[in-house]
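Just coords08.txt here, compact mmCIF, C-alpha atoms and all ligand atoms:
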# COMPACT_ATOMS: atom_id res chain seq x y z
CA MET G 1 20.14 -25.30 5.69
CA SER G 2 17.16 -24.97 8.02
CA LYS G 3 16.95 -27.32 10.98
CA LEU G 4 14.18 -29.19 12.80
CA VAL G 5 13.79 -29.11 16.58
CA ILE G 6 11.29 -31.80 17.56
CA PHE G 7 9.70 -31.96 21.03
CA THR G 8 7.68 -35.00 21.95
CA ALA G 9 6.21 -36.51 25.15
CA PRO G 10 2.96 -37.77 26.60
CA SER G 11 0.30 -35.09 26.90
CA GLY G 12 0.83 -33.07 30.09
CA ALA G 13 4.61 -33.58 30.35
CA GLY G 14 5.30 -29.92 29.56
CA LYS G 15 6.14 -29.79 25.83
CA THR G 16 4.03 -26.74 25.07
CA THR G 17 5.45 -24.81 28.05
CA ILE G 18 9.03 -25.58 26.99
CA VAL G 19 8.42 -24.93 23.28
CA ARG G 20 6.82 -21.52 24.03
CA HIS G 21 9.86 -20.60 26.13
CA LEU G 22 12.25 -21.57 23.33
CA LEU G 23 10.26 -19.53 20.80
CA ASP G 24 10.77 -16.50 23.05
CA ARG G 25 14.48 -17.14 23.35
CA PHE G 26 15.49 -17.96 19.77
CA ASP G 27 14.53 -15.41 17.12
CA ASN G 28 15.09 -17.74 14.20
CA LEU G 29 12.84 -20.50 15.53
CA ALA G 30 9.29 -20.74 14.18
CA PHE G 31 6.51 -23.05 15.39
CA SER G 32 5.04 -25.61 13.02
CA VAL G 33 1.30 -25.16 13.49
CA SER G 34 -0.28 -28.61 13.14
CA ALA G 35 -3.72 -29.48 11.89
CA THR G 36 -6.12 -31.29 14.22
CA THR G 37 -9.69 -32.49 14.40
CA ARG G 38 -9.94 -32.09 18.18
CA ALA G 39 -12.12 -29.32 19.64
CA ARG G 40 -10.49 -25.93 20.20
CA ARG G 41 -9.75 -25.08 23.85
CA PRO G 42 -11.02 -21.66 24.97
CA HIS G 43 -7.61 -19.88 24.90
CA GLU G 44 -6.53 -21.43 21.58
CA GLN G 45 -6.53 -19.62 18.24
CA HIS G 46 -6.96 -21.11 14.79
CA GLY G 47 -3.69 -20.61 12.88
CA ARG G 48 -1.64 -19.91 16.02
CA ASP G 49 -2.06 -23.06 18.12
CA TYR G 50 -3.53 -25.38 15.51
CA TYR G 51 -5.44 -25.36 12.26
CA PHE G 52 -8.75 -26.76 13.50
CA LEU G 53 -10.26 -28.91 10.74
CA SER G 54 -13.39 -31.03 10.53
CA PRO G 55 -12.73 -34.79 10.15
CA GLU G 56 -13.87 -34.49 6.50
CA GLU G 57 -11.44 -31.65 5.74
CA PHE G 58 -8.62 -33.52 7.48
CA MET G 59 -9.23 -36.72 5.49
CA GLN G 60 -9.42 -34.76 2.24
CA ARG G 61 -5.99 -33.30 3.00
CA VAL G 62 -4.68 -36.81 3.78
CA LYS G 63 -5.95 -37.91 0.33
CA ASN G 64 -4.29 -34.88 -1.30
CA GLY G 65 -0.94 -35.88 0.24
CA ASP G 66 -0.75 -32.58 2.15
CA PHE G 67 0.79 -34.04 5.33
CA LEU G 68 4.46 -34.75 6.09
CA GLU G 69 3.11 -37.04 8.80
CA TRP G 70 -0.24 -37.57 10.51
CA GLU G 71 -1.59 -39.78 13.30
CA GLU G 72 -4.82 -40.75 15.00
CA VAL G 73 -3.26 -39.75 18.33
CA TYR G 74 -6.40 -40.56 20.36
CA PRO G 75 -9.37 -42.58 19.13
CA GLY G 76 -11.22 -40.39 16.64
CA GLN G 77 -8.78 -37.45 17.05
CA TYR G 78 -6.39 -36.77 14.20
CA TYR G 79 -3.29 -34.57 14.19
CA GLY G 80 -0.83 -33.87 11.37
CA THR G 81 2.08 -31.74 10.17
CA LEU G 82 1.27 -29.86 6.98
CA ARG G 83 3.98 -29.96 4.32
CA GLN G 84 3.00 -26.45 3.18
CA GLU G 85 3.45 -25.04 6.70
CA VAL G 86 6.99 -26.37 7.06
CA GLU G 87 8.04 -25.44 3.51
CA ARG G 88 6.76 -21.90 3.99
CA LEU G 89 8.88 -21.48 7.14
CA TRP G 90 11.94 -22.99 5.49
CA LYS G 91 11.57 -20.56 2.56
CA GLU G 92 11.72 -17.77 5.15
CA GLY G 93 15.03 -19.27 6.37
CA LYS G 94 13.53 -20.26 9.74
CA ASP G 95 14.47 -23.26 11.86
CA VAL G 96 11.26 -25.07 12.70
CA ILE G 97 10.15 -26.36 16.11
CA PHE G 98 7.54 -29.12 16.43
CA ASP G 99 5.32 -30.25 19.34
CA ILE G 100 4.11 -33.66 18.19
CA ASP G 101 3.39 -37.18 19.42
CA VAL G 102 6.03 -39.92 19.61
CA LYS G 103 5.14 -41.62 16.34
CA GLY G 104 5.09 -38.40 14.37
CA ALA G 105 8.36 -37.32 15.99
CA TRP G 106 9.99 -40.62 15.06
CA LYS G 107 8.82 -40.27 11.43
CA LEU G 108 10.21 -36.73 11.14
CA LYS G 109 13.49 -37.78 12.77
CA GLN G 110 13.88 -40.57 10.23
CA ALA G 111 12.97 -38.31 7.31
CA TYR G 112 15.53 -35.65 8.32
CA PRO G 113 18.19 -37.47 10.36
CA ASP G 114 21.04 -35.08 9.59
CA ARG G 115 19.35 -31.84 10.48
CA SER G 116 16.98 -32.66 13.32
CA LEU G 117 17.17 -32.79 17.10
CA ALA G 118 14.47 -34.91 18.72
CA VAL G 119 13.89 -34.30 22.44
CA PHE G 120 11.65 -36.50 24.58
CA VAL G 121 10.22 -34.62 27.57
CA MET G 122 9.94 -37.01 30.53
CA PRO G 123 7.57 -36.26 33.43
CA PRO G 124 8.96 -37.12 36.89
CA SER G 125 6.22 -39.78 37.33
CA LYS G 126 2.84 -40.85 35.96
CA GLU G 127 1.22 -39.40 39.08
CA ALA G 128 2.78 -36.01 38.35
CA LEU G 129 1.62 -36.26 34.74
CA LEU G 130 -1.98 -36.87 35.81
CA GLN G 131 -1.78 -34.03 38.33
CA ARG G 132 -0.48 -31.60 35.69
CA LEU G 133 -3.24 -32.54 33.29
CA ARG G 134 -5.84 -32.06 36.04
CA ASP G 135 -4.36 -28.72 37.11
CA ARG G 136 -4.35 -27.48 33.50
CA HIS G 137 -8.18 -27.70 33.57
CA THR G 138 -8.40 -28.31 29.84
CA GLU G 139 -9.58 -31.92 29.78
CA ASP G 140 -12.80 -33.58 30.92
CA GLU G 141 -12.63 -37.00 32.64
CA GLU G 142 -13.00 -38.90 29.35
CA SER G 143 -10.16 -36.96 27.74
CA LEU G 144 -7.96 -37.43 30.85
CA ARG G 145 -8.60 -41.16 30.68
CA LYS G 146 -7.66 -41.31 26.97
CA ARG G 147 -4.46 -39.38 27.61
CA MET G 148 -3.34 -41.45 30.60
CA ALA G 149 -4.21 -44.68 28.77
CA ARG G 150 -1.78 -43.72 26.03
CA ALA G 151 0.96 -42.35 28.30
CA SER G 152 2.51 -45.69 29.36
CA ALA G 153 3.12 -46.77 25.78
CA GLU G 154 4.48 -43.32 24.88
CA LEU G 155 6.98 -43.39 27.78
CA GLU G 156 8.49 -46.55 26.30
CA TRP G 157 9.46 -44.62 23.18
CA ALA G 158 11.82 -42.33 25.12
CA PRO G 159 15.12 -44.16 24.34
CA ARG G 160 14.59 -43.76 20.57
CA PHE G 161 15.14 -40.01 20.66
CA ASP G 162 18.35 -37.96 20.73
CA VAL G 163 17.83 -36.64 24.26
CA VAL G 164 15.56 -37.36 27.23
CA LEU G 165 14.83 -34.14 29.11
CA VAL G 166 13.32 -34.67 32.56
CA ASN G 167 10.80 -31.94 33.35
CA ASP G 168 10.67 -32.02 37.14
CA ARG G 169 11.57 -28.51 38.27
CA LEU G 170 10.42 -26.30 35.43
CA GLU G 171 13.25 -23.75 35.76
CA ASP G 172 15.85 -26.51 35.35
CA ALA G 173 14.07 -28.04 32.37
CA LEU G 174 13.80 -24.67 30.61
CA GLN G 175 17.49 -23.98 31.14
CA GLN G 176 18.51 -27.42 29.88
CA ALA G 177 16.25 -27.09 26.86
CA GLU G 178 17.78 -23.73 26.01
CA GLN G 179 21.28 -25.15 26.27
CA LEU G 180 20.46 -28.15 24.06
CA VAL G 181 18.81 -26.08 21.36
CA SER G 182 21.50 -23.42 21.41
CA GLU G 183 24.22 -26.04 20.85
CA PHE G 184 22.20 -27.79 18.16
CA LEU G 185 21.45 -24.62 16.18
CA GLN G 186 25.11 -23.59 16.22
CA ARG G 187 26.37 -26.98 15.08
CA PRO G 188 26.81 -27.47 11.29
CA PRO G 189 24.48 -30.15 9.85
CA ARG G 190 26.19 -33.54 9.81
CA PRO G 191 27.90 -33.93 6.40
CA ILE G 192 26.24 -36.36 4.02
CA PRO G 193 28.73 -39.24 3.45
CA VAL G 194 30.38 -39.17 -0.02
CA ALA G 195 29.71 -42.34 -2.02
CA ASP G 196 32.76 -44.59 -2.42
CA PRO G 197 33.80 -44.31 -6.10
CA ALA G 198 35.36 -47.85 -6.07
P1 LIG D 201 2.01 -30.73 27.04
O1 LIG D 201 2.17 -29.70 25.98
O2 LIG D 201 3.14 -31.73 27.04
O3 LIG D 201 0.66 -31.38 27.03
P2 LIG D 201 1.92 -28.47 28.93
O4 LIG D 201 3.09 -27.65 28.58
O5 LIG D 201 0.57 -28.00 28.54
O6 LIG D 201 2.13 -30.00 28.46
O7 LIG D 201 1.99 -28.68 30.51
C1 LIG D 201 0.94 -29.35 31.21
C2 LIG D 201 0.61 -28.54 32.50
O8 LIG D 201 1.68 -28.71 33.42
C3 LIG D 201 0.48 -27.04 32.24
O9 LIG D 201 -0.56 -26.54 33.06
C4 LIG D 201 1.84 -26.49 32.67
O10 LIG D 201 1.73 -25.16 33.15
C5 LIG D 201 2.25 -27.45 33.78
N1 LIG D 201 3.71 -27.69 33.90
C6 LIG D 201 4.62 -27.77 32.91
N2 LIG D 201 5.84 -28.05 33.41
C7 LIG D 201 5.69 -28.17 34.75
C8 LIG D 201 6.60 -28.46 35.85
N3 LIG D 201 7.91 -28.68 35.65
N4 LIG D 201 6.10 -28.51 37.08
C9 LIG D 201 4.77 -28.30 37.30
N5 LIG D 201 3.86 -28.01 36.34
C10 LIG D 201 4.32 -27.95 35.08
P1 LIG D 202 -3.09 -31.73 22.47
O1 LIG D 202 -4.46 -32.20 22.13
O2 LIG D 202 -2.79 -31.86 23.95
O3 LIG D 202 -2.76 -30.37 21.92
O4 LIG D 202 -2.07 -32.71 21.75
C1 LIG D 202 -2.20 -34.09 21.92
C2 LIG D 202 -1.01 -34.80 21.34
O5 LIG D 202 -0.97 -34.64 19.90
C3 LIG D 202 0.33 -34.26 21.85
O6 LIG D 202 1.19 -35.37 22.10
C4 LIG D 202 0.82 -33.44 20.69
O7 LIG D 202 2.21 -33.31 20.70
C5 LIG D 202 0.34 -34.29 19.53
N1 LIG D 202 0.37 -33.57 18.24
C6 LIG D 202 0.14 -32.25 18.03
N2 LIG D 202 0.30 -31.94 16.73
C7 LIG D 202 0.69 -33.08 16.10
C8 LIG D 202 1.04 -33.40 14.75
O8 LIG D 202 1.06 -32.57 13.85
N3 LIG D 202 1.36 -34.68 14.49
C9 LIG D 202 1.38 -35.65 15.46
N4 LIG D 202 1.75 -36.87 15.08
N5 LIG D 202 1.06 -35.38 16.73
C10 LIG D 202 0.70 -34.12 17.06
Represent the supplied structure as structure tokens.
Amino acid sequence: MSKLVIFTAPSGAGKTTIVRHLLDRFDNLAFSVSATTRARRPHEQHGRDYYFLSPEEFMQRVKNGDFLEWEEVYPGQYYGTLRQEVERLWKEGKDVIFDIDVKGAWKLKQAYPDRSLAVFVMPPSKEALLQRLRDRHTEDEESLRKRMARASAELEWAPRFDVVLVNDRLEDALQQAEQLVSEFLQRPPRPIPVADPA
């Protein structure tokens, strides 16, 4: 049975960096490419990083019931996990890795409790988070403000997940992530309890 490896955190904590590393390390892991209405960053590719949709296309797909989960992560910016994307990867026998926001991660964890690992990536501090976002040079001031405004609330979600992985020194975080995922992928899925016949 295919498994779900879910990475979540405030924007800038290091999810994408860690997820890319894990994809290099584990042959059977495949990335769930999400749909989004946000603008494409210069290095991003449609179909590899995201499926970039117009707000109208996104809402049509919401109406069609095409999403396993979706969220308005920032005001006016929608993100969602396409059912078709995940089912396609499962048919190929892949384990699927997700890089999604805390609410989406929580929904997926609840939908697949017995075969998912949900990891919250914790930045060493809010100051470090802001610095990383600035140094990434992908966000304008308005986008930085939106992301930092949401970060405090997102940090409070950390205890809900299976593991909190502190991303301070990147080398350490990558090693810990590898260890966690390796153990999880080797473990048999938790057995579904048998109903009591009495
Ligand atoms: P997210 O996907 O959570 O938004 P990224 O993986 O894009 O975060 O990381 C945000 C920025 O911080 C990137 O420029 C990345 O290279 C950098 N970064 C990631 N981890 C660390 C770390 N441990 N120390 C310093 N910089 C980091
Ligand atoms: P970014 O714009 O930096 O790529 O992503 C912003 C936030 O949206 C991140 O927290 C990212 O994990 C989240 N996100 C990306 N894809 C999805 C998705 O399919 N569903 C949800 N709920 N959040 C997503």
Distance of CA of Phe26 in chain G from CA of Phe120 in chain G, expressed in Å to one decimal place:
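Taking CA of Phe120 in chain G as the start and CA of Phe26 in chain G as the end point, the length is 19.5 Å.
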Range 78-150 of chain G residues near range 50-54 of chain G within 10 Å, closest pair each, using only C-alpha atoms, as a tab-separated table:
residue	atom	partner	partner_atom	distance
G:Tyr78	CA	G:Leu53	CA	9.4
G:Tyr79	CA	G:Tyr50	CA	9.3
G:Gly80	CA	G:Tyr51	CA	9.7
G:Leu82	CA	G:Tyr51	CA	9.7
What does the distance between CA of Glu57 in chain G and CA of Thr37 in chain G come to in Å, to one decimal place?
8.9 Å
For a cutoff of 10 Å around the file-coordinate point (21.6, -27.2, 9.0), which residues qualify once you count only C-alpha atoms? I'd like the result as a count of residues only.
16
Using all atoms listed in the file, find each residue with an atom at most 7 Å away from ligand LIG 202 (chain D) and format the answer as a PyMOL selection string.
chain G and resi 8-11+34-36+38+69-71+73+79-81+99-105
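Going from CA of Ile18 in chain G over to atom N2 of ligand LIG 201 (chain D), you cover 7.6 Å.
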Please work out which residues fall within 9 Å of (2.0, -29.5, 33.1), coordinates as given in the file, with all atoms listed in the file counting, and return them as an MDAnalysis selection string.
chainID G and resid 11:17 123 128:136
Let me have the centre and edge lengths in Å, one decimal, of the box along x, y and z around every listed atom of ligand LIG 201 (chain D) with 3 Å of margin on each side, as AutoDock Vina command-line options.
--center_x 3.7 --center_y -28.4 --center_z 31.6 --size_x 14.5 --size_y 12.6 --size_z 17.3
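Shortest atom-to-atom contact with His21 in chain G among G:Ala153, G:Ile6, G:Leu174, G:Leu180: G:Leu174, counting all atoms listed in the file.
Using all atoms listed in the file, the shortest contact distance between Ala118 in chain G and any of G:Phe31, G:Phe67, G:Phe161, G:Phe98 is found at G:Phe161.
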Which of these residues is nearest to ligand LIG 201 (chain D), using only C-alpha atoms and all ligand atoms: G:Thr138, G:Gln110, G:Gln77, G:Gln179?
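Going through G:Thr138, G:Gln110, G:Gln77, G:Gln179 one by one, the smallest distance to ligand LIG 201 (chain D) is for G:Thr138.
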Could you tell me which of G:Pro75, G:Pro159, G:Pro124, G:Pro113 comes closest to ligand LIG 201 (chain D) if we count all atoms listed in the file?
G:Pro124
Of the candidates G:Val5, G:Val19, G:Val181, G:Leu68, which shows the shortest atom-to-atom distance to ligand LIG 201 (chain D), using all atoms listed in the file?
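Nearest to ligand LIG 201 (chain D): G:Val19.
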In terms of the shortest atom-to-atom distance over only C-alpha atoms and all ligand atoms, which of G:Asn28, G:Ser182, G:Asn167, G:Gln175 is closest to ligand LIG 201 (chain D)?
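Checking each candidate against ligand LIG 201 (chain D), we get G:Asn167 as the closest.
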